[in-house]
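S.K.: Next comes the structure file protein-v8.cif, holding mmCIF, C-alpha atoms.
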data_start
#
loop_
_atom_site.group_PDB
_atom_site.id
_atom_site.type_symbol
_atom_site.label_atom_id
_atom_site.label_comp_id
_atom_site.auth_asym_id
_atom_site.auth_seq_id
_atom_site.Cartn_x
_atom_site.Cartn_y
_atom_site.Cartn_z
ATOM 1 C CA MET A 11 -45.691 38.144 28.675
ATOM 2 C CA GLN A 12 -43.833 39.792 25.815
ATOM 3 C CA ALA A 13 -41.578 42.833 26.021
ATOM 4 C CA ASN A 14 -44.057 44.868 23.982
ATOM 5 C CA GLU A 15 -46.363 44.793 27.042
ATOM 6 C CA LEU A 16 -43.798 46.487 29.307
ATOM 7 C CA LYS A 17 -44.323 49.998 30.607
ATOM 8 C CA ILE A 18 -41.585 52.528 31.252
ATOM 9 C CA GLY A 19 -40.270 51.987 34.777
ATOM 10 C CA ASP A 20 -41.164 48.278 34.929
ATOM 11 C CA ILE A 21 -38.555 46.095 36.600
ATOM 12 C CA PHE A 22 -38.298 42.754 34.824
ATOM 13 C CA ARG A 23 -36.071 39.903 33.758
ATOM 14 C CA VAL A 24 -35.835 38.315 30.329
ATOM 15 C CA ASP A 25 -37.205 34.768 30.165
ATOM 16 C CA GLU A 26 -35.187 33.631 27.141
ATOM 17 C CA PRO A 27 -32.114 31.405 26.676
ATOM 18 C CA GLY A 28 -28.864 33.384 26.820
ATOM 19 C CA TYR A 29 -30.150 36.002 29.260
ATOM 20 C CA SER A 30 -29.335 36.000 32.961
ATOM 21 C CA ASN A 31 -31.824 36.532 35.769
ATOM 22 C CA GLU A 32 -30.442 40.038 36.323
ATOM 23 C CA PRO A 33 -33.183 42.579 37.085
ATOM 24 C CA LEU A 34 -33.637 45.141 34.328
ATOM 25 C CA GLU A 35 -35.562 48.379 34.044
ATOM 26 C CA CYS A 36 -37.606 49.403 31.007
ATOM 27 C CA VAL A 37 -36.560 52.974 30.151
ATOM 28 C CA ASP A 38 -38.114 53.529 26.713
ATOM 29 C CA ILE A 39 -40.343 51.832 24.176
ATOM 30 C CA GLN A 40 -39.568 52.281 20.491
ATOM 31 C CA GLU A 41 -41.402 51.063 17.410
ATOM 32 C CA TYR A 42 -39.509 47.751 17.121
ATOM 33 C CA HIS A 43 -37.623 47.401 20.390
ATOM 34 C CA VAL A 44 -37.606 48.105 24.102
ATOM 35 C CA VAL A 45 -34.767 50.121 25.620
ATOM 36 C CA TYR A 46 -33.654 48.754 28.996
ATOM 37 C CA GLN A 47 -30.820 49.006 31.471
ATOM 38 C CA PRO A 48 -29.535 46.708 34.171
ATOM 39 C CA LEU A 49 -30.279 48.141 37.606
ATOM 40 C CA ASN A 50 -27.573 50.392 39.095
ATOM 41 C CA THR A 51 -26.059 51.309 35.726
ATOM 42 C CA SER A 52 -26.715 53.936 33.122
ATOM 43 C CA LYS A 53 -25.743 51.762 30.127
ATOM 44 C CA LEU A 54 -28.695 51.257 27.768
ATOM 45 C CA PHE A 55 -29.471 48.198 25.648
ATOM 46 C CA ASN A 56 -32.119 47.312 23.063
ATOM 47 C CA MET A 57 -34.275 44.207 23.030
ATOM 48 C CA SER A 58 -36.842 42.959 20.547
ATOM 49 C CA LYS A 59 -40.444 43.568 21.557
ATOM 50 C CA GLY A 60 -41.082 39.862 20.941
ATOM 51 C CA ASN A 61 -38.827 38.652 23.769
ATOM 52 C CA LYS A 62 -40.486 36.916 26.692
ATOM 53 C CA VAL A 63 -40.170 38.793 29.978
ATOM 54 C CA VAL A 64 -41.322 38.406 33.570
ATOM 55 C CA ILE A 65 -42.268 41.444 35.646
ATOM 56 C CA LEU A 66 -40.606 41.350 39.068
ATOM 57 C CA GLU A 67 -42.618 42.126 42.173
ATOM 58 C CA LYS A 68 -41.514 44.976 44.485
ATOM 59 C CA GLY A 69 -38.378 43.896 46.316
ATOM 60 C CA GLU A 70 -37.948 40.770 44.199
ATOM 61 C CA GLU A 71 -35.123 42.406 42.229
ATOM 62 C CA LYS A 72 -33.131 42.706 45.469
ATOM 63 C CA ASN A 73 -33.671 39.039 46.322
ATOM 64 C CA SER A 74 -32.560 37.720 42.970
ATOM 65 C CA ASP A 75 -29.987 34.966 43.362
ATOM 66 C CA SER A 76 -28.384 36.161 40.132
ATOM 67 C CA GLU A 77 -26.249 38.459 42.272
ATOM 68 C CA VAL A 78 -24.622 35.383 43.791
ATOM 69 C CA HIS A 79 -24.974 32.790 41.048
ATOM 70 C CA ASN A 80 -24.258 33.846 37.512
ATOM 71 C CA PRO A 81 -24.570 37.667 37.634
ATOM 72 C CA GLN A 82 -24.996 39.179 34.172
ATOM 73 C CA ARG A 83 -22.041 41.520 34.597
ATOM 74 C CA TYR A 84 -19.716 38.502 34.599
ATOM 75 C CA ASN A 85 -21.373 36.297 31.984
ATOM 76 C CA ALA A 86 -22.875 38.690 29.468
ATOM 77 C CA ASN A 87 -20.503 37.374 26.789
ATOM 78 C CA ASN A 88 -21.698 33.768 26.941
ATOM 79 C CA VAL A 89 -18.728 32.883 29.136
ATOM 80 C CA GLU A 90 -18.111 33.778 32.743
ATOM 81 C CA CYS A 91 -15.258 36.108 33.570
ATOM 82 C CA TRP A 92 -13.641 33.593 35.914
ATOM 83 C CA ASP A 93 -13.602 30.969 33.159
ATOM 84 C CA PHE A 94 -11.598 33.367 30.981
ATOM 85 C CA ILE A 95 -9.225 34.083 33.892
ATOM 86 C CA ALA A 96 -8.763 30.366 34.609
ATOM 87 C CA LYS A 97 -8.269 29.451 30.962
ATOM 88 C CA TYR A 98 -5.366 31.888 30.650
ATOM 89 C CA ASP A 99 -4.089 31.305 34.194
ATOM 90 C CA LEU A 100 -3.906 35.047 34.858
ATOM 91 C CA ASP A 101 -2.094 36.245 37.958
ATOM 92 C CA TYR A 102 -4.116 37.890 40.737
ATOM 93 C CA PHE A 103 -3.463 41.508 39.748
ATOM 94 C CA VAL A 104 -4.162 41.114 36.034
ATOM 95 C CA ALA A 105 -7.144 38.833 36.755
ATOM 96 C CA THR A 106 -8.672 41.428 39.072
ATOM 97 C CA ALA A 107 -8.115 44.164 36.485
ATOM 98 C CA VAL A 108 -9.793 41.969 33.841
ATOM 99 C CA LYS A 109 -12.744 41.439 36.188
ATOM 100 C CA TYR A 110 -13.227 45.202 36.587
ATOM 101 C CA VAL A 111 -12.953 45.864 32.840
ATOM 102 C CA TRP A 112 -15.360 42.988 32.159
ATOM 103 C CA ARG A 113 -18.095 44.243 34.492
ATOM 104 C CA HIS A 114 -17.765 48.043 34.345
ATOM 105 C CA LYS A 115 -20.812 48.523 32.103
ATOM 106 C CA TYR A 116 -23.030 46.646 34.548
ATOM 107 C CA LYS A 117 -21.788 47.705 37.926
ATOM 108 C CA GLY A 118 -19.209 50.342 38.787
ATOM 109 C CA GLY A 119 -18.679 52.289 35.563
ATOM 110 C CA LYS A 120 -15.706 54.650 35.705
ATOM 111 C CA GLN A 121 -14.796 53.553 39.230
ATOM 112 C CA ASP A 122 -14.373 49.945 38.069
ATOM 113 C CA LEU A 123 -11.990 51.065 35.328
ATOM 114 C CA GLU A 124 -10.047 53.147 37.851
ATOM 115 C CA LYS A 125 -9.770 50.067 40.085
ATOM 116 C CA ALA A 126 -8.457 48.091 37.097
ATOM 117 C CA ILE A 127 -5.709 50.688 36.675
ATOM 118 C CA GLU A 128 -4.795 50.417 40.372
ATOM 119 C CA PHE A 129 -4.347 46.655 40.107
ATOM 120 C CA LEU A 130 -2.297 46.978 36.919
ATOM 121 C CA CYS A 131 -0.083 49.632 38.538
ATOM 122 C CA LYS A 132 0.479 47.341 41.524
ATOM 123 C CA ARG A 133 1.435 44.485 39.191
ATOM 124 C CA ILE A 134 3.904 46.782 37.409
ATOM 125 C CA SER A 135 5.405 48.047 40.683
ATOM 126 C CA LEU A 136 6.011 44.499 41.940
ATOM 127 C CA GLY A 137 8.176 43.740 38.935
ATOM 128 C CA LYS A 138 7.195 40.076 39.139
ATOM 129 C CA ILE A 139 7.564 37.779 36.189
ATOM 130 C CA TYR A 140 5.028 35.020 35.953
ATOM 131 C CA GLU A 141 6.301 31.851 34.373
ATOM 132 C CA ARG A 142 4.243 29.987 31.860
ATOM 133 C CA PRO A 143 2.527 27.076 33.628
ATOM 134 C CA SER A 144 3.719 23.646 32.550
ATOM 135 C CA GLY A 145 1.455 22.197 29.929
ATOM 136 C CA PHE A 146 0.061 25.629 29.047
ATOM 137 C CA THR A 147 -0.925 26.034 25.412
ATOM 138 C CA TYR A 148 -2.151 29.339 24.087
ATOM 139 C CA THR A 149 -5.344 29.555 22.102
ATOM 140 C CA VAL A 150 -6.861 32.721 20.728
ATOM 141 C CA PRO A 151 -9.797 33.835 22.894
ATOM 142 C CA GLN A 152 -13.103 32.888 21.276
ATOM 143 C CA VAL A 153 -15.331 34.147 24.078
ATOM 144 C CA ILE A 154 -16.423 37.540 22.922
ATOM 145 C CA ASP A 155 -19.969 38.424 21.944
ATOM 146 C CA TYR A 156 -19.573 41.533 19.821
ATOM 147 C CA GLN A 157 -22.978 42.831 20.882
ATOM 148 C CA ASP A 158 -21.907 43.319 24.489
ATOM 149 C CA MET A 159 -18.160 44.051 24.507
ATOM 150 C CA ASP A 160 -16.675 46.938 22.643
ATOM 151 C CA ILE A 161 -13.391 46.711 20.753
ATOM 152 C CA THR A 162 -11.377 48.227 23.610
ATOM 153 C CA GLN A 163 -12.556 45.561 26.048
ATOM 154 C CA MET A 164 -11.703 42.852 23.514
ATOM 155 C CA VAL A 165 -8.185 44.258 23.014
ATOM 156 C CA ILE A 166 -7.604 44.351 26.779
ATOM 157 C CA LEU A 167 -8.681 40.719 27.131
ATOM 158 C CA TYR A 168 -6.552 39.687 24.184
ATOM 159 C CA TYR A 169 -3.447 41.321 25.675
ATOM 160 C CA ALA A 170 -4.147 39.790 29.092
ATOM 161 C CA SER A 171 -4.463 36.346 27.518
ATOM 162 C CA ARG A 172 -1.005 36.762 25.943
ATOM 163 C CA LEU A 173 0.928 37.370 29.172
ATOM 164 C CA HIS A 174 2.204 33.798 29.532
ATOM 165 C CA VAL A 175 3.271 33.623 25.909
ATOM 166 C CA VAL A 176 5.663 36.577 25.845
ATOM 167 C CA SER A 177 9.149 37.020 27.281
ATOM 168 C CA PRO A 178 9.652 38.431 30.805
ATOM 169 C CA ASP A 179 10.600 41.864 29.409
ATOM 170 C CA ALA A 180 7.570 41.838 27.158
ATOM 171 C CA GLN A 181 5.307 40.938 30.107
ATOM 172 C CA LYS A 182 6.046 44.229 31.828
ATOM 173 C CA ARG A 183 5.550 46.198 28.605
ATOM 174 C CA LEU A 184 2.298 44.362 27.952
ATOM 175 C CA VAL A 185 0.900 45.136 31.421
ATOM 176 C CA ILE A 186 1.888 48.799 30.944
ATOM 177 C CA LYS A 187 0.146 48.730 27.543
ATOM 178 C CA ILE A 188 -3.011 47.301 29.131
ATOM 179 C CA ARG A 189 -2.921 50.001 31.820
ATOM 180 C CA ASP A 190 -2.507 52.720 29.151
ATOM 181 C CA ILE A 191 -5.442 51.338 27.167
ATOM 182 C CA VAL A 192 -7.673 51.343 30.272
ATOM 183 C CA GLU A 193 -6.653 54.970 30.981
ATOM 184 C CA GLU A 194 -7.545 55.979 27.409
ATOM 185 C CA TYR A 195 -10.794 54.020 27.730
ATOM 186 C CA ILE A 196 -11.774 56.046 30.795
ATOM 187 C CA ASN A 197 -11.055 59.283 28.914
ATOM 188 C CA ASP A 198 -13.131 58.111 25.941
ATOM 189 C CA LEU A 199 -16.122 56.977 28.023
ATOM 190 C CA TYR A 200 -16.212 59.486 30.851
#
Could the structure of this file be written out as structure tokens, please?

M.R.:
Amino acid sequence: MQANELKIGDIFRVDEPGYSNEPLECVDIQEYHVVYQPLNTSKLFNMSKGNKVVILEKGEEKNSDSEVHNPQRYNANNVECWDFIAKYDLDYFVATAVKYVWRHKYKGGKQDLEKAIEFLCKRISLGKIYERPSGFTYTVPQVIDYQDMDITQMVILYYASRLHVVSPDAQKRLVIKIRDIVEEYINDLY
């Protein structure tokens, strides 16, 4: 069926390339698009009324394997979060903070951003310097879909991807800068 046949309150998934199997809820129907939100989040998105969708049966949204394999909150930018983390060989604390920033719109909202700050603060308090892996070459991240990530998220990912390129002193300043940006982001959003 097409999205123009949805009713407010329907739980569905989009049956089109580039969309995950994440369950979505129809929250409004406009003249040219349907307004929807992923379950358990208040973030709203628009979708063309011509998109193919599948209505989910009661309880089917809870059984979706997309929560285990390929959840939308980690691959909404046409790349999975862990692929970004692996590509830039991020340390545990920065990688975990990136994960929380990446998914906050789809899962934990403000709490995810607060968790990101906790992991960045722990990284700062450890005072560790992470050496550039042998054979590491830096490339500018080309993984961002501007429709899903806002500029603040892109800046955070860019700074995180630069950690192995900068000097040890600059690493600490960069992690502090990332933490400060996440704190400002919370204030702007919530």

S.K.: What is the distance between atom CA of Glu15 of chain A and atom CA of Glu67 of chain A, in Å to one decimal?

M.R.: 15.8 Å

S.K.: Where does the PyMOL selection byres ((chain A and resi 43) around 6) land in this file, that is, which residues does it pick, as a ChimeraX atom specification?

M.R.: /A:40,42,44,57-59

S.K.: Find the spatial neighbours of Val111 of chain A, counting only C-alpha atoms, within a cut-off of 8 Å - ignore same-chain residues fewer than 5 positions away - and output them as a list of chain:residue names.

M.R.: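 In the requested format, the answer is A:Asp122, A:Leu123, A:Ala126, A:Gln163.
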
S.K.: From the list A:Ala107, A:Tyr29, A:Gln12, A:Glu90, which residue is nearest Ile65 of chain A when using all atoms listed in the file?

M.R.: A:Gln12

S.K.: Return as a PyMOL selection string the set of residues that the PyMOL selection byres ((chain A and resi 136-139) around 12) yields on the displayed structure.

M.R.: chain A and resi 100-104+129-135+140-142+173-186

S.K.: What are the centre and edge lengths in Å, to one decimal, of the axis-aligned box around all listed atoms of segment 109-121 of chain A with 6 Å added on each side, as AutoDock Vina command-line options?

M.R.:
--center_x -17.9 --center_y 48.0 --center_z 35.7 --size_x 22.3 --size_y 25.2 --size_z 19.1

S.K.: Within 10 Å of (-14.9, 44.1, 37.1), in the coordinates the file gives, what residues turn up when you count all atoms listed in the file, written out as a ChimeraX atom specification?

M.R.: /A:83-84,91,105-119,121-123,125-126

S.K.: Apply the PyMOL selection byres ((chain A and resi 19) around 8) to the structure shown and report the selected residues as a PyMOL selection string.

M.R.: chain A and resi 17-18+20-21+35-37

S.K.: Distance atom CA of Asp160 of chain A-atom CA of Ser52 of chain A, one decimal place?

M.R.: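 Straight-line distance from atom CA of Asp160 of chain A to atom CA of Ser52 of chain A works out to 16.1 Å.
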
S.K.: Which one is closest to Ile188 of chain A: A:Ile39, A:Ile127, A:Ile161, A:Asn14? Count only C-alpha atoms.

M.R.: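 So, comparing all the options, the nearest one is A:Ile127.
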
S.K.: Between A:Leu49, A:Met164, A:Ala96, A:Val64, which residue has the minimum interatomic distance to Val24 of chain A, considering all atoms listed in the file?

M.R.: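 Among A:Leu49, A:Met164, A:Ala96, A:Val64, it is A:Val64 that comes nearest to Val24 of chain A.
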
S.K.: Quick check, in Å to one decimal: how far apart do atom CA of Trp92 of chain A and atom CA of Glu124 of chain A lie?

M.R.: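 Computed distance, atom CA of Trp92 of chain A to atom CA of Glu124 of chain A, equals 20.0 Å.
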
S.K.: Taking only C-alpha atoms into account, name the residue in A:Asn50, A:Arg23, A:Phe94, A:Asn31 that is nearest to Leu66 of chain A.

M.R.: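 Closest residue, counting only C-alpha atoms: A:Arg23.
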
S.K.: Of the candidates A:Ile166, A:Lys53, A:Ile95, A:Glu128, which one gets nearest to Leu199 of chain A if we count all atoms listed in the file?

M.R.: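 Under the stated criterion, the closest residue is A:Lys53.
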